[in-house]
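A.B. asks: Sharing a structure here in structure tokens format.
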Amino acid sequence: MRPLYPKTAVILLLLSIVIFSGWTYWLKTIETGPYQFVYPANFGNRINIPNDNQTTRQGVYLGRMLFYEKRLSANNAISCSSCHQQAKAFTDGTVLSKGVDSVLTSRNSMSLTNLLWTRKFFWDGRASSLEEQAVFPLTNPHEMGQPLDISVRKLSETNEYPALFKLVFGDGNITPDRITKALAQFERTLISCNSKYDGYLKNTYKPTQDELKGIALFMNGPDPEKGIRGGNCAHCHGGVKNYMELFHNNGLDSIPKDIGIEALTGLSADRGRFKAPTLRNIALTAPYMHDGRFKTLNEVVDHYSDHIKESASLSTFIRGESNDKGGTSLNLRPQEKKELIAFLNMLTDSTFINDPRFSDPHLSSTLNKTKNTSK
């Protein structure tokens, strides 16, 4: 190997100093200290944050970097954001997602919205924290497909991550536990609370007649004896967050192909029961249901109105509900379906899907470091 000429050695040394200075400057621009969650008072304070993973601004930043980090996948081609895209309210718009081995996942990608209040994760509720939840997609061979010890090695070999982990955790030691903790910190900040419906609740938005009638249908259960027509939605999707953290068999199949939480509990009464997801930004998160079978909200409303399949484990909230005396289905009128969908569209939060705090930080940080090293 030929020795470096003195001039070349000096250039390389200066280049290293410039790069190091750029990294140092970049780290100093990251805000530190406790993270202040901001949300409406009516969302309530029953939040879910583990004692050993308190949320900090630097922790959220690291988690956001990792959320968009493709080196956490076996082929360095996908990240958490591949299946949870901000423009689609952190879903991916596909029936089933494709992982590193091009094999489709077994269930539809769920929206990552208002997770600060969530206590059960996945369609079958098998994880009880975001920290626990993160391990599954990171290591599943049909998703990101990479053992966490390999992710640790990859991140440790970079310039930025040891310094970031030191900023967050006090030293540059990168561990599987710290990776999942940082991801969880970022995901807890994904709060959606600025839709037209929120404006209506604050008296800053006046709904249309279709929207008002849709709200009434959504909130009411049918009572034909009293002449009350309802969409029977609030049992599972009521409350200001449109999420009740309940698990139901919602009549998709008489004999479910996917048995849902029965696989965890072993109880036949749980057959075909799945988590009732939040309806926040529902107009953006098609296709719908755990298997993505419905392409549109019209199909979803038609299902609940006219196509419920009877089974032993069918939710009691659904069984026998009808807007007609002696009816066997909900039987919403065409105009009522239109009104119900008008309300569901009120749940779209354009601020949430365009919030720069939730976007890919690698683009901006790379640009900033380039600017700083070129000065």
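Identifiers in this document derive from the order of the structure tokens: chains are assigned A, B, ..., residues are numbered from 1 separately in each chain, and ligands are numbered from 1 in order of occurrence.
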Need to verify the contact set: stretch 349-362 of chain A, 12 Å, only C-alpha atoms, exclusion of same-chain residues closer than 6 positions in sequence. Can you return it as a ChimeraX atom specification?
C.D. replies: /A:30,57,60-70,79-82,84-91,111-114,160,186-199,279-285,368-370
A.B. asks: May I have the residues within 12 Å of A:Gly172 as number ranges by chain, using only C-alpha atoms and disregarding those fewer than 2 positions away in the same chain?
C.D. replies: A: 152, 155-170, 174-175, 178
A.B. asks: Would you list the contacts of stretch 207-211 of chain A as a list in words, taking every protein, DNA or RNA residue within 10 Å and counting only C-alpha atoms, but skipping same-chain residues closer than 2 positions in sequence?
C.D. replies: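 Non-adjacent residues within range: Lys196, Tyr197, Gly199, Tyr200, Asn203, Thr204, Tyr205, Lys213, Gly214, Ile215, Ala216, Leu217, Gln335, Glu336, Lys338, Glu339, Leu340, Ile341, Ala342, Phe343, Leu344, Asn345 and Met346 of chain A.
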A.B. asks: Quick one: write out the picked residues with N, CA and C atoms as a short mmCIF file (atom, residue, chain, number, x, y, z; two decimals), in the first residue's frame?
C.D. replies:
data_model
loop_
_atom_site.label_atom_id
_atom_site.label_comp_id
_atom_site.auth_asym_id
_atom_site.auth_seq_id
_atom_site.Cartn_x
_atom_site.Cartn_y
_atom_site.Cartn_z
N LYS A 196 -62.64 18.38 11.71
CA LYS A 196 -63.89 19.16 11.77
C LYS A 196 -64.73 18.74 12.97
N TYR A 197 -64.68 17.47 13.30
CA TYR A 197 -65.44 16.99 14.45
C TYR A 197 -64.93 17.63 15.73
N GLY A 199 -63.56 20.55 15.85
CA GLY A 199 -64.06 21.91 15.77
C GLY A 199 -65.52 22.00 16.20
N TYR A 200 -66.30 21.02 15.80
CA TYR A 200 -67.71 20.96 16.22
C TYR A 200 -67.82 20.85 17.74
N ASN A 203 -67.20 24.13 19.25
CA ASN A 203 -68.07 25.19 18.74
C ASN A 203 -67.34 26.16 17.80
N THR A 204 -66.35 25.64 17.09
CA THR A 204 -65.65 26.47 16.11
C THR A 204 -65.93 26.02 14.69
N TYR A 205 -66.70 24.96 14.53
CA TYR A 205 -67.09 24.49 13.21
C TYR A 205 -68.57 24.17 13.22
N LYS A 213 -76.91 15.13 10.86
CA LYS A 213 -77.73 13.92 10.87
C LYS A 213 -76.84 12.67 10.98
N GLY A 214 -75.65 12.74 10.37
CA GLY A 214 -74.72 11.63 10.47
C GLY A 214 -74.22 11.44 11.90
N ILE A 215 -73.99 12.54 12.62
CA ILE A 215 -73.58 12.46 14.02
C ILE A 215 -74.65 11.77 14.84
N ALA A 216 -75.91 12.17 14.62
CA ALA A 216 -77.02 11.56 15.37
C ALA A 216 -77.14 10.07 15.07
N LEU A 217 -77.01 9.70 13.80
CA LEU A 217 -77.08 8.28 13.43
C LEU A 217 -75.93 7.51 14.07
N GLN A 335 -80.12 7.52 2.02
CA GLN A 335 -79.77 8.85 2.49
C GLN A 335 -79.07 8.79 3.85
N GLU A 336 -79.49 7.87 4.70
CA GLU A 336 -78.85 7.72 6.00
C GLU A 336 -77.40 7.25 5.86
N LYS A 338 -75.49 7.95 3.37
CA LYS A 338 -74.78 9.14 2.90
C LYS A 338 -74.47 10.07 4.07
N GLU A 339 -75.42 10.24 4.97
CA GLU A 339 -75.23 11.12 6.12
C GLU A 339 -74.19 10.56 7.09
N LEU A 340 -74.21 9.27 7.28
CA LEU A 340 -73.24 8.63 8.16
C LEU A 340 -71.82 8.82 7.63
N ILE A 341 -71.66 8.66 6.33
CA ILE A 341 -70.35 8.83 5.72
C ILE A 341 -69.92 10.30 5.77
N ALA A 342 -70.88 11.21 5.69
CA ALA A 342 -70.55 12.64 5.83
C ALA A 342 -69.92 12.90 7.19
N PHE A 343 -70.47 12.26 8.23
CA PHE A 343 -69.86 12.41 9.55
C PHE A 343 -68.48 11.79 9.60
N LEU A 344 -68.31 10.60 9.04
CA LEU A 344 -67.01 9.93 9.07
C LEU A 344 -65.94 10.77 8.38
N ASN A 345 -66.32 11.50 7.36
CA ASN A 345 -65.38 12.40 6.70
C ASN A 345 -65.00 13.58 7.58
N MET A 346 -65.83 13.90 8.55
CA MET A 346 -65.50 14.96 9.49
C MET A 346 -64.31 14.60 10.38
#
A.B. asks: As a compact mmCIF listing (two decimals) with all heavy atoms, in the first residue's frame, please: the residues near A:Phe136 (cut-off 10 Å, only C-alpha atoms, same-chain neighbours under 6 positions excluded).
C.D. replies:
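around.txt, written as the output of this step:
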# COMPACT_ATOMS: atom_id res chain seq x y z
N PHE A 122 -52.16 -4.28 18.15
CA PHE A 122 -52.43 -5.26 17.10
C PHE A 122 -53.93 -5.58 17.07
O PHE A 122 -54.67 -5.30 18.00
CB PHE A 122 -51.63 -6.56 17.29
CG PHE A 122 -50.15 -6.37 17.16
CD1 PHE A 122 -49.33 -6.46 18.28
CD2 PHE A 122 -49.56 -6.13 15.93
CE1 PHE A 122 -47.96 -6.31 18.17
CE2 PHE A 122 -48.19 -5.97 15.81
CZ PHE A 122 -47.39 -6.05 16.94
N ALA A 127 -50.04 -7.34 22.35
CA ALA A 127 -49.01 -6.54 23.02
C ALA A 127 -49.68 -5.52 23.93
O ALA A 127 -50.72 -4.95 23.58
CB ALA A 127 -48.13 -5.84 22.00
N GLU A 143 -41.95 -9.15 7.71
CA GLU A 143 -42.06 -7.69 7.80
C GLU A 143 -40.66 -7.09 7.64
O GLU A 143 -40.12 -7.15 6.56
CB GLU A 143 -42.75 -7.29 9.11
CG GLU A 143 -44.20 -7.79 9.14
CD GLU A 143 -44.99 -7.30 10.34
OE1 GLU A 143 -45.09 -6.08 10.54
OE2 GLU A 143 -45.53 -8.15 11.09
N MET A 144 -40.05 -6.56 8.70
CA MET A 144 -38.72 -5.98 8.54
C MET A 144 -37.62 -7.04 8.64
O MET A 144 -36.51 -6.83 8.16
CB MET A 144 -38.53 -4.85 9.54
CG MET A 144 -39.52 -3.71 9.28
SD MET A 144 -39.50 -2.39 10.51
CE MET A 144 -37.96 -1.58 10.10
N GLY A 145 -37.93 -8.16 9.29
CA GLY A 145 -37.14 -9.37 9.16
C GLY A 145 -35.70 -9.34 9.64
O GLY A 145 -34.86 -10.03 9.07
A.B. asks: What is the atom CA of A:Trp123 to atom CA of A:Gly260 distance in Å?
C.D. replies: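 Taking atom CA of A:Trp123 and atom CA of A:Gly260, their separation equals 7.6 Å.
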